[in-house]
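Engineer: Sending over query_0.pdb (PDB, C-alpha atoms and all ligand atoms).
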MODEL        1
ATOM      1  CA  MET F   1      16.148   9.982  -0.977  1.00  0.00           C
ATOM      2  CA  HIS F   2      19.893  10.534  -1.291  1.00  0.00           C
ATOM      3  CA  GLU F   3      19.948   8.661  -4.598  1.00  0.00           C
ATOM      4  CA  MET F   4      18.737  11.888  -6.188  1.00  0.00           C
ATOM      5  CA  SER F   5      21.894  13.792  -5.269  1.00  0.00           C
ATOM      6  CA  LEU F   6      24.004  10.785  -6.221  1.00  0.00           C
ATOM      7  CA  ALA F   7      22.321  10.716  -9.630  1.00  0.00           C
ATOM      8  CA  GLU F   8      23.039  14.423 -10.018  1.00  0.00           C
ATOM      9  CA  GLY F   9      26.665  13.684  -9.208  1.00  0.00           C
ATOM     10  CA  VAL F  10      26.749  11.021 -11.907  1.00  0.00           C
ATOM     11  CA  LEU F  11      25.331  13.454 -14.447  1.00  0.00           C
ATOM     12  CA  GLN F  12      27.957  15.986 -13.394  1.00  0.00           C
ATOM     13  CA  ILE F  13      30.700  13.442 -14.095  1.00  0.00           C
ATOM     14  CA  ILE F  14      29.161  12.698 -17.497  1.00  0.00           C
ATOM     15  CA  GLU F  15      28.935  16.383 -18.415  1.00  0.00           C
ATOM     16  CA  ASP F  16      32.499  17.045 -17.270  1.00  0.00           C
ATOM     17  CA  SER F  17      33.871  14.244 -19.408  1.00  0.00           C
ATOM     18  CA  ALA F  18      31.712  15.378 -22.318  1.00  0.00           C
ATOM     19  CA  LYS F  19      33.505  18.737 -22.132  1.00  0.00           C
ATOM     20  CA  GLU F  20      36.915  17.103 -21.871  1.00  0.00           C
ATOM     21  CA  GLN F  21      36.423  14.512 -24.579  1.00  0.00           C
ATOM     22  CA  SER F  22      33.888  16.469 -26.644  1.00  0.00           C
ATOM     23  CA  PHE F  23      31.210  13.899 -27.241  1.00  0.00           C
ATOM     24  CA  SER F  24      27.595  14.863 -27.700  1.00  0.00           C
ATOM     25  CA  ARG F  25      25.641  11.795 -26.824  1.00  0.00           C
ATOM     26  CA  VAL F  26      25.919   9.107 -24.202  1.00  0.00           C
ATOM     27  CA  LYS F  27      24.592   5.702 -25.151  1.00  0.00           C
ATOM     28  CA  THR F  28      25.333   3.648 -22.086  1.00  0.00           C
ATOM     29  CA  VAL F  29      26.472   4.402 -18.572  1.00  0.00           C
ATOM     30  CA  TRP F  30      27.992   1.656 -16.473  1.00  0.00           C
ATOM     31  CA  LEU F  31      27.612   2.402 -12.850  1.00  0.00           C
ATOM     32  CA  GLU F  32      29.317   0.306 -10.227  1.00  0.00           C
ATOM     33  CA  ILE F  33      27.432   0.172  -6.963  1.00  0.00           C
ATOM     34  CA  GLY F  34      28.907  -1.580  -3.981  1.00  0.00           C
ATOM     35  CA  GLN F  35      26.585  -3.746  -1.904  1.00  0.00           C
ATOM     36  CA  LEU F  36      27.590  -1.737   1.139  1.00  0.00           C
ATOM     37  CA  ALA F  37      27.306   1.687  -0.482  1.00  0.00           C
ATOM     38  CA  GLY F  38      23.818   2.223   0.893  1.00  0.00           C
ATOM     39  CA  VAL F  39      22.428   2.859  -2.567  1.00  0.00           C
ATOM     40  CA  GLU F  40      19.086   1.394  -3.577  1.00  0.00           C
ATOM     41  CA  VAL F  41      19.474   0.161  -7.150  1.00  0.00           C
ATOM     42  CA  GLU F  42      15.827   0.714  -8.073  1.00  0.00           C
ATOM     43  CA  ALA F  43      15.803   4.194  -6.555  1.00  0.00           C
ATOM     44  CA  MET F  44      19.022   4.941  -8.415  1.00  0.00           C
ATOM     45  CA  ARG F  45      17.461   3.954 -11.743  1.00  0.00           C
ATOM     46  CA  PHE F  46      14.446   6.104 -11.038  1.00  0.00           C
ATOM     47  CA  CYS F  47      16.512   9.153 -10.056  1.00  0.00           C
ATOM     48  CA  PHE F  48      18.909   8.707 -12.952  1.00  0.00           C
ATOM     49  CA  ASP F  49      16.031   8.752 -15.433  1.00  0.00           C
ATOM     50  CA  ALA F  50      14.737  11.903 -13.802  1.00  0.00           C
ATOM     51  CA  VAL F  51      18.003  13.871 -13.725  1.00  0.00           C
ATOM     52  CA  VAL F  52      19.215  13.025 -17.233  1.00  0.00           C
ATOM     53  CA  ARG F  53      16.097  14.405 -18.864  1.00  0.00           C
ATOM     54  CA  ASP F  54      17.108  17.118 -21.379  1.00  0.00           C
ATOM     55  CA  SER F  55      20.798  16.372 -20.884  1.00  0.00           C
ATOM     56  CA  ILE F  56      23.277  14.694 -23.229  1.00  0.00           C
ATOM     57  CA  ALA F  57      22.563  11.465 -21.394  1.00  0.00           C
ATOM     58  CA  GLN F  58      18.814  11.559 -21.791  1.00  0.00           C
ATOM     59  CA  ASP F  59      18.640   8.422 -23.948  1.00  0.00           C
ATOM     60  CA  ALA F  60      21.419   6.655 -22.128  1.00  0.00           C
ATOM     61  CA  LYS F  61      20.917   3.153 -20.890  1.00  0.00           C
ATOM     62  CA  LEU F  62      21.919   2.650 -17.290  1.00  0.00           C
ATOM     63  CA  GLU F  63      23.810  -0.558 -16.617  1.00  0.00           C
ATOM     64  CA  ILE F  64      24.321  -1.244 -12.962  1.00  0.00           C
ATOM     65  CA  ILE F  65      27.079  -3.541 -11.799  1.00  0.00           C
ATOM     66  CA  GLU F  66      26.693  -4.560  -8.199  1.00  0.00           C
ATOM     67  CA  THR F  67      29.958  -5.307  -6.477  1.00  0.00           C
ATOM     68  CA  PRO F  68      29.993  -7.552  -3.404  1.00  0.00           C
ATOM     69  CA  GLY F  69      30.701  -6.303   0.071  1.00  0.00           C
ATOM     70  CA  GLN F  70      34.106  -7.317   1.377  1.00  0.00           C
ATOM     71  CA  ALA F  71      35.571  -7.057   4.794  1.00  0.00           C
ATOM     72  CA  TRP F  72      38.678  -8.110   6.641  1.00  0.00           C
ATOM     73  CA  CYS F  73      37.973 -10.262   9.653  1.00  0.00           C
ATOM     74  CA  LEU F  74      40.554  -9.803  12.389  1.00  0.00           C
ATOM     75  CA  HIS F  75      39.635 -13.112  13.934  1.00  0.00           C
ATOM     76  CA  CYS F  76      39.851 -15.240  10.780  1.00  0.00           C
ATOM     77  CA  ALA F  77      42.651 -13.039   9.400  1.00  0.00           C
ATOM     78  CA  GLU F  78      41.125 -13.185   5.948  1.00  0.00           C
ATOM     79  CA  VAL F  79      38.797 -11.354   3.593  1.00  0.00           C
ATOM     80  CA  VAL F  80      35.160 -12.379   3.976  1.00  0.00           C
ATOM     81  CA  HIS F  81      31.928 -11.490   2.202  1.00  0.00           C
ATOM     82  CA  VAL F  82      29.480  -9.307   4.064  1.00  0.00           C
ATOM     83  CA  GLN F  83      25.948  -8.393   3.003  1.00  0.00           C
ATOM     84  CA  ALA F  84      25.573  -5.225   5.022  1.00  0.00           C
ATOM     85  CA  LEU F  85      27.596  -2.714   6.984  1.00  0.00           C
ATOM     86  CA  PHE F  86      28.165  -3.800  10.584  1.00  0.00           C
ATOM     87  CA  ASP F  87      27.388  -7.424   9.759  1.00  0.00           C
ATOM     88  CA  ALA F  88      29.254 -10.048  11.694  1.00  0.00           C
ATOM     89  CA  CYS F  89      31.828 -12.233   9.995  1.00  0.00           C
ATOM     90  CA  PRO F  90      29.888 -15.009   8.207  1.00  0.00           C
ATOM     91  CA  LYS F  91      32.548 -17.537   9.174  1.00  0.00           C
ATOM     92  CA  CYS F  92      33.205 -16.958  12.847  1.00  0.00           C
ATOM     93  CA  GLY F  93      30.491 -14.504  13.901  1.00  0.00           C
ATOM     94  CA  SER F  94      32.988 -11.936  15.115  1.00  0.00           C
ATOM     95  CA  TYR F  95      32.125  -8.257  14.849  1.00  0.00           C
ATOM     96  CA  GLN F  96      35.778  -7.343  14.491  1.00  0.00           C
ATOM     97  CA  VAL F  97      35.452  -6.879  10.781  1.00  0.00           C
ATOM     98  CA  GLN F  98      36.636  -3.960   8.744  1.00  0.00           C
ATOM     99  CA  VAL F  99      34.993  -3.140   5.435  1.00  0.00           C
ATOM    100  CA  THR F 100      37.538  -3.208   2.622  1.00  0.00           C
ATOM    101  CA  GLY F 101      35.387  -3.129  -0.504  1.00  0.00           C
ATOM    102  CA  GLY F 102      31.935  -2.706  -1.948  1.00  0.00           C
ATOM    103  CA  ASN F 103      31.236   0.492  -0.034  1.00  0.00           C
ATOM    104  CA  GLU F 104      31.398   2.937  -2.895  1.00  0.00           C
ATOM    105  CA  MET F 105      29.683   3.919  -6.090  1.00  0.00           C
ATOM    106  CA  ARG F 106      31.458   5.018  -9.242  1.00  0.00           C
ATOM    107  CA  VAL F 107      31.002   5.560 -12.933  1.00  0.00           C
ATOM    108  CA  LYS F 108      32.935   2.696 -14.463  1.00  0.00           C
ATOM    109  CA  GLU F 109      32.547   3.380 -18.144  1.00  0.00           C
ATOM    110  CA  LEU F 110      30.671   5.499 -20.642  1.00  0.00           C
ATOM    111  CA  ASP F 111      29.712   4.493 -24.137  1.00  0.00           C
ATOM    112  CA  VAL F 112      29.542   7.696 -26.148  1.00  0.00           C
ATOM    113  CA  GLU F 113      29.454   9.061 -29.641  1.00  0.00           C
TER     114      GLU F 113
HETATM  115 ZN    ZN S   1      35.814 -14.248  10.988  1.00  0.00          ZN
ENDMDL
END
Give the structure from this file in structure tokens form.
Ligand SMILES: [Zn+2]
Structural biologist:
Amino acid sequence: MHEMSLAEGVLQIIEDSAKEQSFSRVKTVWLEIGQLAGVEVEAMRFCFDAVVRDSIAQDAKLEIIETPGQAWCLHCAEVVHVQALFDACPKCGSYQVQVTGGNEMRVKELDVE
């Protein structure tokens, strides 16, 4: 389950910004997960709960924002929505699509005190 190492990465980001901005408690974490990032939201929640135990984020609420997958279709010459990596263009069925968004995960915001 690679969500475990991703969750550890998120905690690392939280702890780094805690040092920089000197806060001691994290109330909410907004995590943006692209539809094409290959991250299972439920697994992510589970792993997050596990890794934040005994950290400054142990009571933090995890808010997950799922961002849609976007790709550029060469054939249609426009941005289309795709559900999965290597999906065909939903408009013309062409496989000449290049993913342009929704393929990453990032910490969007932290609510701290
Ligand atoms: Zn197309």
Engineer: What's around F:Gly101 at 6 Å? Count only C-alpha atoms, leave out sequence neighbours fewer than 2 positions away in its own chain, and write the answer as a PyMOL selection string.
Structural biologist: chain F and resi 69-70+99+103
Engineer: Skipping near chain neighbours, those fewer than 6 positions away, what residues fall within 8 Å of F:Gln83 using all atoms listed in the file, listed as a PyMOL selection string?
Structural biologist: chain F and resi 35-36+68-69
Engineer: May I have the selected residues written with C-alpha atoms, as a short mmCIF file (atom, residue, chain, number, x, y, z; two decimals), keeping the file's coordinate frame?
Structural biologist:
data_model
loop_
_atom_site.label_atom_id
_atom_site.label_comp_id
_atom_site.auth_asym_id
_atom_site.auth_seq_id
_atom_site.Cartn_x
_atom_site.Cartn_y
_atom_site.Cartn_z
CA GLN F 35 26.58 -3.75 -1.90
CA LEU F 36 27.59 -1.74 1.14
CA PRO F 68 29.99 -7.55 -3.40
CA GLY F 69 30.70 -6.30 0.07
#
Engineer: How many Å lie between atom CA of F:Gly9 and atom CA of F:Ser24, rounded to one decimal?
Structural biologist: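 Atom-to-atom, atom CA of F:Gly9 to atom CA of F:Ser24, that is 18.6 Å.
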Engineer: So which residues get picked by the PyMOL selection byres (((chain F and resi 94) around 12) and not hetatm) here, written as a count of residues only?
Structural biologist: 21
Engineer: Could you list, as a PDB file with C-alpha atoms, in the frame of the given file, every residue within 9 Å of F:Lys108, counting only C-alpha atoms and ignoring same-chain residues fewer than 2 positions away?
Structural biologist:
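Saved to part-v3.pdb:
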ATOM      1  CA  VAL F  29      26.472   4.402 -18.572  1.00  0.00           C
ATOM      2  CA  TRP F  30      27.992   1.656 -16.473  1.00  0.00           C
ATOM      3  CA  LEU F  31      27.612   2.402 -12.850  1.00  0.00           C
ATOM      4  CA  GLU F  32      29.317   0.306 -10.227  1.00  0.00           C
ATOM      5  CA  ILE F  65      27.079  -3.541 -11.799  1.00  0.00           C
ATOM      6  CA  ARG F 106      31.458   5.018  -9.242  1.00  0.00           C
ATOM      7  CA  LEU F 110      30.671   5.499 -20.642  1.00  0.00           C
TER       8      LEU F 110
END
Engineer: Once 8 Å is added on each side, what are the centre and the three edge lengths, in Å to one decimal, of the axis-aligned box enclosing the listed atoms of stretch 30-36 of chain F? Present them as lines of an AutoDock Vina configuration file.
Structural biologist:
center_x = 28.0
center_y = -0.7
center_z = -7.7
size_x = 18.7
size_y = 22.1
size_z = 33.6
Engineer: When the PyMOL selection byres (((chain F and resi 56-60) around 12) and not hetatm) is applied to the structure above, which residues does it catch, written out as number ranges by chain?
Structural biologist: F: 7-8, 10-19, 22-31, 45, 48-55, 61-63, 110-113
Engineer: In Å to one decimal, how far is atom CA of F:Thr100 from atom CA of F:Glu42?
Structural biologist: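 Taking atom CA of F:Glu42 as the start and atom CA of F:Thr100 as the end point, the length is 24.5 Å.
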Engineer: Enter the distance from atom CA of F:His2 to atom CA of F:Ile64, in Å, rounded to one decimal.
Structural biologist: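 Calculated distance between atom CA of F:His2 and atom CA of F:Ile64 is 17.2 Å.
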Engineer: Would you mind telling me which residue in F:Glu104, F:Glu40, F:Glu20, F:Glu78 lies nearest to ligand ZN 1 (chain S) when using all atoms listed in the file?
Structural biologist: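 The closest residue to ligand ZN 1 (chain S) is F:Glu78.
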Engineer: Taking 4 positions as the minimum chain separation for residues in the same chain, which residues sit within 7 Å of F:Glu3 when counting all atoms listed in the file? Answer as JSON, numbers by chain.
Structural biologist: {"F": [7, 39, 43, 44, 47]}
Engineer: Counting all atoms listed in the file, which of F:Thr67, F:Gln21, F:Leu6, F:Ile33 gets nearest to F:Phe46?
Structural biologist: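 Of F:Thr67, F:Gln21, F:Leu6, F:Ile33, the one nearest F:Phe46 is F:Leu6, counting all atoms listed in the file.
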Engineer: Pick the closest to ligand ZN 1 (chain S) from F:Ala84, F:Val41, F:Met4, F:Val79: which is it, counting all atoms listed in the file?
Structural biologist: F:Val79
